[in-house]
$ cat query_35.pdb   # PDB, C-alpha atoms
ATOM      1  CA  MET A   1     211.838 198.997 190.302
ATOM      2  CA  ARG A   2     208.084 199.465 190.053
ATOM      3  CA  VAL A   3     207.849 196.958 187.173
ATOM      4  CA  LYS A   4     209.792 194.369 189.179
ATOM      5  CA  LYS A   5     207.456 194.822 192.165
ATOM      6  CA  GLN A   6     204.386 194.352 189.967
ATOM      7  CA  LYS A   7     205.840 191.113 188.558
ATOM      8  CA  HIS A   8     206.294 189.720 192.077
ATOM      9  CA  HIS A   9     202.753 190.700 193.001
ATOM     10  CA  ARG A  10     201.206 189.161 189.877
ATOM     11  CA  ARG A  11     203.168 185.951 190.464
ATOM     12  CA  SER A  12     201.844 185.716 194.027
ATOM     13  CA  VAL A  13     198.276 186.357 192.844
ATOM     14  CA  ARG A  14     198.572 183.560 190.242
ATOM     15  CA  PHE A  15     199.787 181.208 192.980
ATOM     16  CA  TYR A  16     196.692 181.839 195.127
ATOM     17  CA  THR A  17     194.257 181.700 192.206
ATOM     18  CA  ALA A  18     195.668 178.430 190.838
ATOM     19  CA  CYS A  19     196.238 176.596 194.142
ATOM     20  CA  PHE A  20     193.484 177.917 196.429
ATOM     21  CA  GLY A  21     190.714 179.006 194.038
ATOM     22  CA  PHE A  22     190.725 182.803 194.520
ATOM     23  CA  ARG A  23     188.461 184.559 192.006
ATOM     24  CA  GLU A  24     187.757 188.120 190.912
ATOM     25  CA  PRO A  25     186.708 190.491 192.363
ATOM     26  CA  PHE A  26     189.104 189.794 195.236
ATOM     27  CA  LYS A  27     187.779 190.320 198.770
ATOM     28  CA  ILE A  28     190.078 192.190 201.164
ATOM     29  CA  LEU A  29     189.422 192.168 204.909
ATOM     30  CA  CYS A  30     190.865 195.375 206.398
ATOM     31  CA  ASP A  31     191.512 195.961 210.081
ATOM     32  CA  GLY A  32     191.681 199.316 211.863
ATOM     33  CA  THR A  33     195.468 199.631 211.653
ATOM     34  CA  PHE A  34     195.462 199.345 207.860
ATOM     35  CA  ILE A  35     192.622 201.866 207.395
ATOM     36  CA  HIS A  36     194.365 204.302 209.734
ATOM     37  CA  HIS A  37     197.626 203.873 207.807
ATOM     38  CA  LEU A  38     195.884 204.801 204.542
ATOM     39  CA  LEU A  39     194.411 207.967 206.084
ATOM     40  CA  VAL A  40     197.675 209.049 207.701
ATOM     41  CA  ASN A  41     199.612 208.659 204.439
ATOM     42  CA  LYS A  42     196.783 210.384 202.533
ATOM     43  CA  THR A  43     196.117 207.600 200.074
ATOM     44  CA  LYS A  44     193.482 209.035 197.742
ATOM     45  CA  SER A  45     191.629 205.882 196.733
ATOM     46  CA  ALA A  46     192.188 202.591 198.547
ATOM     47  CA  ASN A  47     190.234 200.672 195.888
ATOM     48  CA  ASP A  48     192.477 201.922 193.077
ATOM     49  CA  ALA A  49     195.680 201.320 195.034
ATOM     50  CA  LEU A  50     194.747 197.747 195.931
ATOM     51  CA  SER A  51     193.413 196.937 192.461
ATOM     52  CA  ASN A  52     196.721 198.087 190.957
ATOM     53  CA  ILE A  53     198.598 195.677 193.216
ATOM     54  CA  LEU A  54     196.386 192.664 192.503
ATOM     55  CA  GLY A  55     195.683 193.532 188.874
ATOM     56  CA  SER A  56     191.907 193.145 189.184
ATOM     57  CA  PRO A  57     188.885 194.814 190.843
ATOM     58  CA  VAL A  58     188.573 194.444 194.616
ATOM     59  CA  LYS A  59     185.981 194.736 197.398
ATOM     60  CA  LEU A  60     186.968 196.031 200.835
ATOM     61  CA  TYR A  61     185.424 194.436 203.927
ATOM     62  CA  THR A  62     185.536 194.969 207.667
ATOM     63  CA  THR A  63     183.677 193.537 210.694
ATOM     64  CA  ARG A  64     181.510 194.887 213.476
ATOM     65  CA  CYS A  65     184.118 193.990 216.057
ATOM     66  CA  ILE A  66     186.721 196.122 214.225
ATOM     67  CA  LEU A  67     184.277 199.057 214.145
ATOM     68  CA  ALA A  68     183.603 198.663 217.878
ATOM     69  CA  GLU A  69     187.337 198.615 218.618
ATOM     70  CA  LEU A  70     187.887 201.816 216.594
ATOM     71  CA  LYS A  71     184.973 203.459 218.398
ATOM     72  CA  SER A  72     186.499 202.582 221.775
ATOM     73  CA  LEU A  73     189.791 204.302 220.849
ATOM     74  CA  GLY A  74     188.238 207.765 221.092
ATOM     75  CA  ASP A  75     188.131 210.898 218.968
ATOM     76  CA  SER A  76     191.642 210.412 217.565
ATOM     77  CA  TYR A  77     190.309 207.563 215.421
ATOM     78  CA  SER A  78     186.957 209.140 214.538
ATOM     79  CA  GLU A  79     188.001 209.766 210.939
ATOM     80  CA  THR A  80     189.215 206.174 210.641
ATOM     81  CA  LEU A  81     185.913 204.945 212.054
ATOM     82  CA  GLN A  82     183.968 207.010 209.525
ATOM     83  CA  ALA A  83     186.035 205.591 206.652
ATOM     84  CA  ALA A  84     185.593 202.017 207.948
ATOM     85  CA  ARG A  85     181.820 202.382 207.997
ATOM     86  CA  ASN A  86     181.841 202.898 204.217
ATOM     87  CA  LEU A  87     183.234 199.397 203.634
ATOM     88  CA  PHE A  88     181.303 196.156 203.208
ATOM     89  CA  MET A  89     180.520 194.134 206.327
ATOM     90  CA  ALA A  90     181.894 190.624 206.671
ATOM     91  CA  ARG A  91     179.690 188.319 208.721
ATOM     92  CA  CYS A  92     181.003 187.541 212.199
ATOM     93  CA  ASP A  93     178.647 185.701 214.528
ATOM     94  CA  HIS A  94     179.808 186.520 218.036
ATOM     95  CA  GLU A  95     177.676 186.533 221.130
ATOM     96  CA  ARG A  96     180.042 189.083 222.634
ATOM     97  CA  ARG A  97     182.387 191.552 221.077
ATOM     98  CA  LYS A  98     185.880 190.223 220.403
ATOM     99  CA  SER A  99     189.147 191.933 219.679
ATOM    100  CA  ALA A 100     190.039 192.669 216.050
ATOM    101  CA  VAL A 101     192.650 189.892 216.033
ATOM    102  CA  GLY A 102     190.254 187.288 217.415
ATOM    103  CA  CYS A 103     187.476 188.370 215.051
ATOM    104  CA  ILE A 104     189.711 188.147 211.966
ATOM    105  CA  GLU A 105     190.980 184.705 213.032
ATOM    106  CA  GLU A 106     187.424 183.426 213.409
ATOM    107  CA  VAL A 107     186.268 184.886 210.080
ATOM    108  CA  VAL A 108     189.233 183.373 208.223
ATOM    109  CA  GLY A 109     189.074 180.018 210.019
ATOM    110  CA  GLU A 110     191.399 177.116 209.280
ATOM    111  CA  ASN A 111     191.157 177.098 205.457
ATOM    112  CA  ASN A 112     189.952 180.623 204.564
ATOM    113  CA  ALA A 113     186.778 179.340 202.926
ATOM    114  CA  GLU A 114     185.678 182.878 201.938
ATOM    115  CA  HIS A 115     189.021 183.570 200.175
ATOM    116  CA  PHE A 116     189.880 186.805 201.979
ATOM    117  CA  PHE A 117     193.038 188.855 201.522
ATOM    118  CA  ILE A 118     194.039 190.190 204.960
ATOM    119  CA  ALA A 119     195.152 193.836 204.989
ATOM    120  CA  THR A 120     196.839 194.765 208.272
ATOM    121  CA  GLN A 121     199.779 196.627 209.799
ATOM    122  CA  ASP A 122     199.959 194.361 212.845
ATOM    123  CA  THR A 123     203.136 192.224 212.667
ATOM    124  CA  SER A 124     201.728 189.558 215.011
ATOM    125  CA  ILE A 125     198.747 188.978 212.677
ATOM    126  CA  ARG A 126     201.052 188.806 209.661
ATOM    127  CA  GLU A 127     203.281 186.217 211.312
ATOM    128  CA  LYS A 128     200.323 184.133 212.439
ATOM    129  CA  PHE A 129     198.682 183.963 209.002
ATOM    130  CA  ARG A 130     201.925 182.821 207.378
ATOM    131  CA  GLU A 131     201.268 179.468 209.063
ATOM    132  CA  VAL A 132     197.703 179.238 207.699
ATOM    133  CA  PRO A 133     197.292 177.826 204.158
ATOM    134  CA  GLY A 134     195.701 180.085 201.568
ATOM    135  CA  VAL A 135     195.760 183.428 203.430
ATOM    136  CA  PRO A 136     197.551 186.218 201.504
ATOM    137  CA  VAL A 137     198.567 189.273 203.537
ATOM    138  CA  ILE A 138     198.767 192.908 202.378
ATOM    139  CA  PHE A 139     200.590 195.625 204.328
ATOM    140  CA  GLY A 140     201.587 199.243 203.767
ATOM    141  CA  LEU A 141     204.993 200.870 203.853
ATOM    142  CA  ARG A 142     204.820 204.659 203.763
ATOM    143  CA  ASN A 143     203.000 205.638 200.549
ATOM    144  CA  SER A 144     203.129 202.202 198.864
ATOM    145  CA  LEU A 145     201.359 198.887 199.460
ATOM    146  CA  PHE A 146     202.868 195.402 199.255
ATOM    147  CA  LEU A 147     201.573 191.834 198.942
ATOM    148  CA  GLU A 148     203.596 189.307 200.901
ATOM    149  CA  PRO A 149     204.902 186.377 198.823
ATOM    150  CA  PRO A 150     203.622 182.900 199.773
ATOM    151  CA  SER A 151     205.422 181.529 202.800
ATOM    152  CA  ALA A 152     207.418 178.284 202.860
ATOM    153  CA  PHE A 153     204.630 176.611 204.855
ATOM    154  CA  GLN A 154     202.023 177.501 202.212
ATOM    155  CA  ARG A 155     204.224 176.220 199.368
ATOM    156  CA  GLN A 156     204.871 172.959 201.207
ATOM    157  CA  PHE A 157     201.142 172.573 201.882
ATOM    158  CA  VAL A 158     200.354 172.957 198.159
ATOM    159  CA  LYS A 159     203.056 170.459 197.235
ATOM    160  CA  SER A 160     201.763 167.833 199.686
ATOM    161  CA  THR A 161     198.152 168.226 198.536
ATOM    162  CA  GLU A 162     199.198 167.794 194.898
ATOM    163  CA  GLU A 163     201.016 164.565 195.771
ATOM    164  CA  GLU A 164     197.927 163.276 197.590
ATOM    165  CA  ARG A 165     195.793 163.911 194.518
ATOM    166  CA  LEU A 166     198.103 161.796 192.390
ATOM    167  CA  HIS A 167     197.737 158.766 194.672
ATOM    168  CA  MET A 168     194.645 156.626 195.089
ATOM    169  CA  THR A 169     192.533 157.065 198.195
ATOM    170  CA  GLU A 170     191.478 154.157 200.373
ATOM    171  CA  MET A 171     187.851 154.482 199.283
ATOM    172  CA  GLU A 172     188.786 154.339 195.594
ATOM    173  CA  TYR A 173     191.005 151.300 196.244
ATOM    174  CA  LYS A 174     188.132 149.433 197.901
ATOM    175  CA  MET A 175     185.758 150.264 195.034
ATOM    176  CA  ILE A 176     188.220 148.935 192.423
ATOM    177  CA  LYS A 177     188.777 145.726 194.409
ATOM    178  CA  LYS A 178     185.022 145.178 194.717
ATOM    179  CA  LYS A 179     184.544 145.721 190.980
ATOM    180  CA  GLU A 180     187.258 143.192 190.111
ATOM    181  CA  LYS A 181     185.748 140.666 192.506
ATOM    182  CA  ASN A 182     182.314 140.993 190.886
ATOM    183  CA  LYS A 183     183.847 140.475 187.440
ATOM    184  CA  LEU A 184     185.598 137.272 188.563
ATOM    185  CA  GLU A 185     182.398 135.914 190.117
ATOM    186  CA  ALA A 186     180.428 136.620 186.931
ATOM    187  CA  LYS A 187     183.105 134.928 184.816
ATOM    188  CA  VAL A 188     183.155 131.802 187.016
ATOM    189  CA  ALA A 189     179.357 131.596 186.854
ATOM    190  CA  THR A 190     179.324 131.778 183.050
ATOM    191  CA  ASP A 191     182.217 129.291 182.624
ATOM    192  CA  SER A 192     180.738 126.592 184.934
ATOM    193  CA  PRO A 193     179.489 123.470 182.981
ATOM    194  CA  ASP A 194     176.386 123.012 185.155
ATOM    195  CA  ALA A 195     175.051 126.421 184.272
ATOM    196  CA  HIS A 196     174.985 125.709 180.511
ATOM    197  CA  GLU A 197     174.416 121.941 180.413
ATOM    198  CA  GLY A 198     172.544 120.896 177.274
ATOM    199  CA  LEU A 199     172.426 124.458 175.917
ATOM    200  CA  VAL A 200     175.874 124.767 174.418
ATOM    201  CA  ASP A 201     174.743 125.451 170.867
ATOM    202  CA  GLN A 202     171.802 127.690 171.799
ATOM    203  CA  VAL A 203     172.997 129.758 174.768
ATOM    204  CA  VAL A 204     176.766 129.701 175.202
ATOM    205  CA  VAL A 205     177.728 130.819 171.721
ATOM    206  CA  PRO A 206     175.264 133.751 171.545
ATOM    207  CA  GLU A 207     176.330 134.906 175.024
ATOM    208  CA  THR A 208     180.000 134.894 174.102
ATOM    209  CA  VAL A 209     179.214 136.800 170.923
ATOM    210  CA  ASN A 210     177.173 139.336 172.888
ATOM    211  CA  LEU A 211     179.951 139.721 175.449
ATOM    212  CA  ARG A 212     182.422 140.424 172.678
ATOM    213  CA  LYS A 213     180.130 143.030 171.165
ATOM    214  CA  VAL A 214     179.654 144.732 174.523
ATOM    215  CA  ARG A 215     183.394 144.789 175.169
ATOM    216  CA  ARG A 216     184.094 146.207 171.726
ATOM    217  CA  LYS A 217     181.473 148.904 172.242
ATOM    218  CA  THR A 218     182.890 149.872 175.622
ATOM    219  CA  LEU A 219     186.332 150.169 174.073
ATOM    220  CA  GLY A 220     184.932 152.295 171.257
ATOM    221  CA  VAL A 221     185.557 149.634 168.568
ATOM    222  CA  THR A 222     182.849 148.368 166.214
ATOM    223  CA  ASP A 223     182.840 145.796 163.439
ATOM    224  CA  LYS A 224     183.441 147.561 160.130
ATOM    225  CA  ALA A 225     184.221 146.384 156.631
ATOM    226  CA  LYS A 226     187.933 146.405 155.899
ATOM    227  CA  PHE A 227     187.564 147.315 152.233
ATOM    228  CA  LYS A 228     184.924 149.575 150.822
ATOM    229  CA  ARG A 229     184.388 150.000 147.113
ATOM    230  CA  LYS A 230     184.225 153.490 145.873
ATOM    231  CA  LYS A 231     181.208 154.282 143.761
ATOM    232  CA  ALA A 232     180.954 157.011 141.209
ATOM    233  CA  LYS A 233     179.055 159.905 142.598
ATOM    234  CA  ALA A 234     177.059 162.506 140.776
ATOM    235  CA  PRO A 235     178.604 165.959 140.544
ATOM    236  CA  ASN A 236     177.633 168.505 143.083
ATOM    237  CA  PRO A 237     174.839 170.594 141.542
ATOM    238  CA  LEU A 238     175.984 173.665 143.438
ATOM    239  CA  SER A 239     179.456 173.499 141.885
ATOM    240  CA  CYS A 240     178.186 173.053 138.287
ATOM    241  CA  LYS A 241     177.625 175.984 135.990
ATOM    242  CA  LYS A 242     174.136 176.639 134.750
ATOM    243  CA  LYS A 243     173.428 176.161 131.042
ATOM    244  CA  LYS A 244     173.190 179.410 129.125
ATOM    245  CA  ILE A 245     170.102 179.826 126.895
ATOM    246  CA  ARG A 246     171.111 181.492 123.651
ATOM    247  CA  ASP A 247     168.700 184.041 122.165
ATOM    248  CA  GLN A 248     167.418 183.172 118.696
ATOM    249  CA  PRO A 249     168.248 185.833 116.073
ATOM    250  CA  SER A 250     165.322 188.012 115.167
ATOM    251  CA  LEU A 251     163.897 187.517 111.687
ATOM    252  CA  SER A 252     163.386 190.346 109.251
ATOM    253  CA  SER A 253     159.969 191.216 107.894
ATOM    254  CA  ASN A 254     160.706 189.611 104.460
ATOM    255  CA  GLN A 255     161.860 186.370 106.092
ATOM    256  CA  GLU A 256     158.744 186.275 108.243
ATOM    257  CA  ALA A 257     156.626 186.756 105.104
ATOM    258  CA  TRP A 258     158.404 183.904 103.286
ATOM    259  CA  LEU A 259     157.951 181.645 106.268
ATOM    260  CA  GLN A 260     154.265 182.482 106.362
ATOM    261  CA  ASP A 261     153.938 181.691 102.629
ATOM    262  CA  ASP A 262     155.661 178.373 103.126
ATOM    263  CA  LYS A 263     153.168 177.520 105.789
ATOM    264  CA  ASP A 264     150.237 178.506 103.513
ATOM    265  CA  GLY A 265     151.580 176.511 100.590
ATOM    266  CA  GLY A 266     152.632 179.494  98.502
ATOM    267  CA  LYS A 267     149.099 180.782  97.912
ATOM    268  CA  GLY A 268     149.407 184.078  99.586
ATOM    269  CA  ARG A 269     152.886 184.880  98.282
ATOM    270  CA  ARG A 270     153.326 188.525  97.686
ATOM    271  CA  LYS A 271     154.785 189.893  94.486
ATOM    272  CA  ARG A 272     157.768 192.077  94.590
ATOM    273  CA  ASN A 273     157.057 195.643  93.423
ATOM    274  CA  ARG A 274     159.608 196.736  90.911
ATOM    275  CA  LYS A 275     159.940 200.213  89.410
ATOM    276  CA  ARG A 276     161.021 200.642  85.833
ATOM    277  CA  ARG A 277     163.707 203.106  85.195
ATOM    278  CA  ARG A 278     163.989 204.857  81.825
ATOM    279  CA  SER A 279     167.336 204.959  80.234
ATOM    280  CA  GLY A 280     166.572 208.088  78.158
ATOM    281  CA  LYS A 281     166.851 211.743  79.072
ATOM    282  CA  SER A 282     164.755 213.140  81.745
ATOM    283  CA  ILE A 283     161.689 215.033  80.536
ATOM    284  CA  ASN A 284     161.260 218.638  81.628
ATOM    285  CA  PRO A 285     157.719 219.111  82.878
ATOM    286  CA  ASN A 286     157.658 222.804  81.827
ATOM    287  CA  THR A 287     158.184 222.013  78.132
ATOM    288  CA  THR A 288     155.168 221.402  75.850
ATOM    289  CA  ASP A 289     154.873 219.159  72.828
ATOM    290  CA  SER A 290     155.192 221.106  69.603
TER     291      SER A 290
END
$ encode --input "query_35.pdb" --output "structure tokens"
Amino acid sequence: MRVKKQKHHRRSVRFYTACFGFREPFKILCDGTFIHHLLVNKTKSANDALSNILGSPVKLYTTRCILAELKSLGDSYSETLQAARNLFMARCDHERRKSAVGCIEEVVGENNAEHFFIATQDTSIREKFREVPGVPVIFGLRNSLFLEPPSAFQRQFVKSTEEERLHMTEMEYKMIKKKEKNKLEAKVATDSPDAHEGLVDQVVVPETVNLRKVRRKTLGVTDKAKFKRKKAKAPNPLSCKKKKIRDQPSLSSNQEAWLQDDKDGGKGRRKRNRKRRRSGKSINPNTTDS
């Protein structure tokens, strides 16, 4: 049941945000009856309860006339008065103090320009604001709070305004007619023979060409070649692999010597040292010749 109630509330909030321009954080104008209802039912946090209903952060407002009315009710509403003083103050420019109903009606006005949600327990105020476009109403029932769905009058108002936006206004119709008339007058002036007498080859043809170019530019069309030859392009240097430099094999000492002799013409060629090995028996150094 709670999930179904939240769906109805979110649907109503989307209606007011899309059709009347309500934005977060939502502003809620509370009267004395609503504040007193929250205190009697021991609602811990009004901000949290209202933000759960609307699905976004809220700001609670009241007026000076509502505070004065609560003050006039005596000590029984002293706690309600103290709680109301902690809320934000909505601007109400009255020379004299008005009743809470009259003050709220003047703050909201005909179109609710400040985009207030009205939180009240007064049934007469709820019924009256159902006939005003773009005024959502919140009320309490025991320990829970509810957002009234948009009334039939508000839905019909939105539907009629949407239909008016689709049609052309009288001002727009006059502007289009004036623009067409100016175009016809300019065309007649350019097509008249007296205007271009003796300058057919020099003036008329360039003007027509220029007019065509201007029209094509306004339409987003330009003269382009139909066929374009494809030319061979160089490969992308970033996609090519770099050439690897191979290390030359190191030369041995004998090869380096031979290369050096070749450079010198063979003059400084070294001779290879060879040791002669005897094929006979090895001689014992301890023996003496007899």
$ resolve_selection --input "query_35.pdb" --expression "the PyMOL selection byres ((chain A and resi 125) around 12)" --output "PyMOL selection string"
chain A and resi 30-31+33-34+100-105+108+118-124+126-132+135-139
$ write_last_selection --input "query_35.pdb" --atoms "C-alpha atoms" --output "mmCIF file, keeping the file's coordinate frame"
data_model
loop_
_atom_site.group_PDB
_atom_site.id
_atom_site.type_symbol
_atom_site.label_atom_id
_atom_site.label_comp_id
_atom_site.auth_asym_id
_atom_site.auth_seq_id
_atom_site.Cartn_x
_atom_site.Cartn_y
_atom_site.Cartn_z
ATOM 1 C CA CYS A 30 190.865 195.375 206.398
ATOM 2 C CA ASP A 31 191.512 195.961 210.081
ATOM 3 C CA THR A 33 195.468 199.631 211.653
ATOM 4 C CA PHE A 34 195.462 199.345 207.860
ATOM 5 C CA ALA A 100 190.039 192.669 216.050
ATOM 6 C CA VAL A 101 192.650 189.892 216.033
ATOM 7 C CA GLY A 102 190.254 187.288 217.415
ATOM 8 C CA CYS A 103 187.476 188.370 215.051
ATOM 9 C CA ILE A 104 189.711 188.147 211.966
ATOM 10 C CA GLU A 105 190.980 184.705 213.032
ATOM 11 C CA VAL A 108 189.233 183.373 208.223
ATOM 12 C CA ILE A 118 194.039 190.190 204.960
ATOM 13 C CA ALA A 119 195.152 193.836 204.989
ATOM 14 C CA THR A 120 196.839 194.765 208.272
ATOM 15 C CA GLN A 121 199.779 196.627 209.799
ATOM 16 C CA ASP A 122 199.959 194.361 212.845
ATOM 17 C CA THR A 123 203.136 192.224 212.667
ATOM 18 C CA SER A 124 201.728 189.558 215.011
ATOM 19 C CA ARG A 126 201.052 188.806 209.661
ATOM 20 C CA GLU A 127 203.281 186.217 211.312
ATOM 21 C CA LYS A 128 200.323 184.133 212.439
ATOM 22 C CA PHE A 129 198.682 183.963 209.002
ATOM 23 C CA ARG A 130 201.925 182.821 207.378
ATOM 24 C CA GLU A 131 201.268 179.468 209.063
ATOM 25 C CA VAL A 132 197.703 179.238 207.699
ATOM 26 C CA VAL A 135 195.760 183.428 203.430
ATOM 27 C CA PRO A 136 197.551 186.218 201.504
ATOM 28 C CA VAL A 137 198.567 189.273 203.537
ATOM 29 C CA ILE A 138 198.767 192.908 202.378
ATOM 30 C CA PHE A 139 200.590 195.625 204.328
#
$ atom_distance --input "query_35.pdb" --atom1 "atom CA of A:Glu114" --atom2 "atom CA of A:Leu166"
26.3 Å
$ residues_around --input "query_35.pdb" --residues "A:Thr80" --least-positions-apart "3" --cutoff "6 Å" --atoms "all atoms listed in the file" --output "ChimeraX atom specification"
/A:36,77,83
$ resolve_selection --input "query_35.pdb" --expression "the PyMOL selection byres ((chain A and resi 44-50) around 10)" --output "PyMOL selection string"
chain A and resi 26+28+35+38-39+41-43+51-60+119+138+144-147
$ write_last_selection --input "query_35.pdb" --atoms "C-alpha atoms" --output "compact mmCIF listing (two decimals), in the coordinates of the input"
# COMPACT_ATOMS: atom_id res chain seq x y z
CA PHE A 26 189.10 189.79 195.24
CA ILE A 28 190.08 192.19 201.16
CA ILE A 35 192.62 201.87 207.40
CA LEU A 38 195.88 204.80 204.54
CA LEU A 39 194.41 207.97 206.08
CA ASN A 41 199.61 208.66 204.44
CA LYS A 42 196.78 210.38 202.53
CA THR A 43 196.12 207.60 200.07
CA SER A 51 193.41 196.94 192.46
CA ASN A 52 196.72 198.09 190.96
CA ILE A 53 198.60 195.68 193.22
CA LEU A 54 196.39 192.66 192.50
CA GLY A 55 195.68 193.53 188.87
CA SER A 56 191.91 193.14 189.18
CA PRO A 57 188.88 194.81 190.84
CA VAL A 58 188.57 194.44 194.62
CA LYS A 59 185.98 194.74 197.40
CA LEU A 60 186.97 196.03 200.84
CA ALA A 119 195.15 193.84 204.99
CA ILE A 138 198.77 192.91 202.38
CA SER A 144 203.13 202.20 198.86
CA LEU A 145 201.36 198.89 199.46
CA PHE A 146 202.87 195.40 199.26
CA LEU A 147 201.57 191.83 198.94
$ closest_residue --input "query_35.pdb" --among "A:Phe88, A:Lys7, A:Arg97, A:Phe15" --to "A:Ala68" --atoms "only C-alpha atoms"
A:Arg97
$ atom_distance --input "query_35.pdb" --atom1 "atom CA of A:Gln154" --atom2 "atom CA of A:Tyr173"
29.0 Å
$ atom_distance --input "query_35.pdb" --atom1 "atom CA of A:Ala113" --atom2 "atom CA of A:Gly134"
9.1 Å
$ closest_residue --input "query_35.pdb" --among "A:Glu170, A:Ala234, A:Phe117, A:Asp93" --to "A:Thr17" --atoms "all atoms listed in the file"
A:Phe117
$ closest_residue --input "query_35.pdb" --among "A:Arg10, A:Val3, A:Met89, A:Lys183" --to "A:Pro150" --atoms "only C-alpha atoms"
A:Arg10
$ closest_residue --input "query_35.pdb" --among "A:Lys174, A:Arg165, A:Arg142, A:His94" --to "A:His37" --atoms "only C-alpha atoms"
A:Arg142
$ resolve_selection --input "query_35.pdb" --expression "the PyMOL selection byres ((chain A and resi 63) around 6)" --output "PyMOL selection string"
chain A and resi 62+64-66+89-90
$ closest_residue --input "query_35.pdb" --among "A:Gly32, A:Val40, A:Lys242, A:Met171" --to "A:Leu81" --atoms "all atoms listed in the file"
A:Gly32
$ axis_aligned_box --input "query_35.pdb" --around "stretch 28-31 of chain A" --padding-each-side "3 Å" --output "AutoDock Vina command-line options"
--center_x 190.5 --center_y 194.1 --center_z 205.6 --size_x 8.1 --size_y 9.8 --size_z 14.9
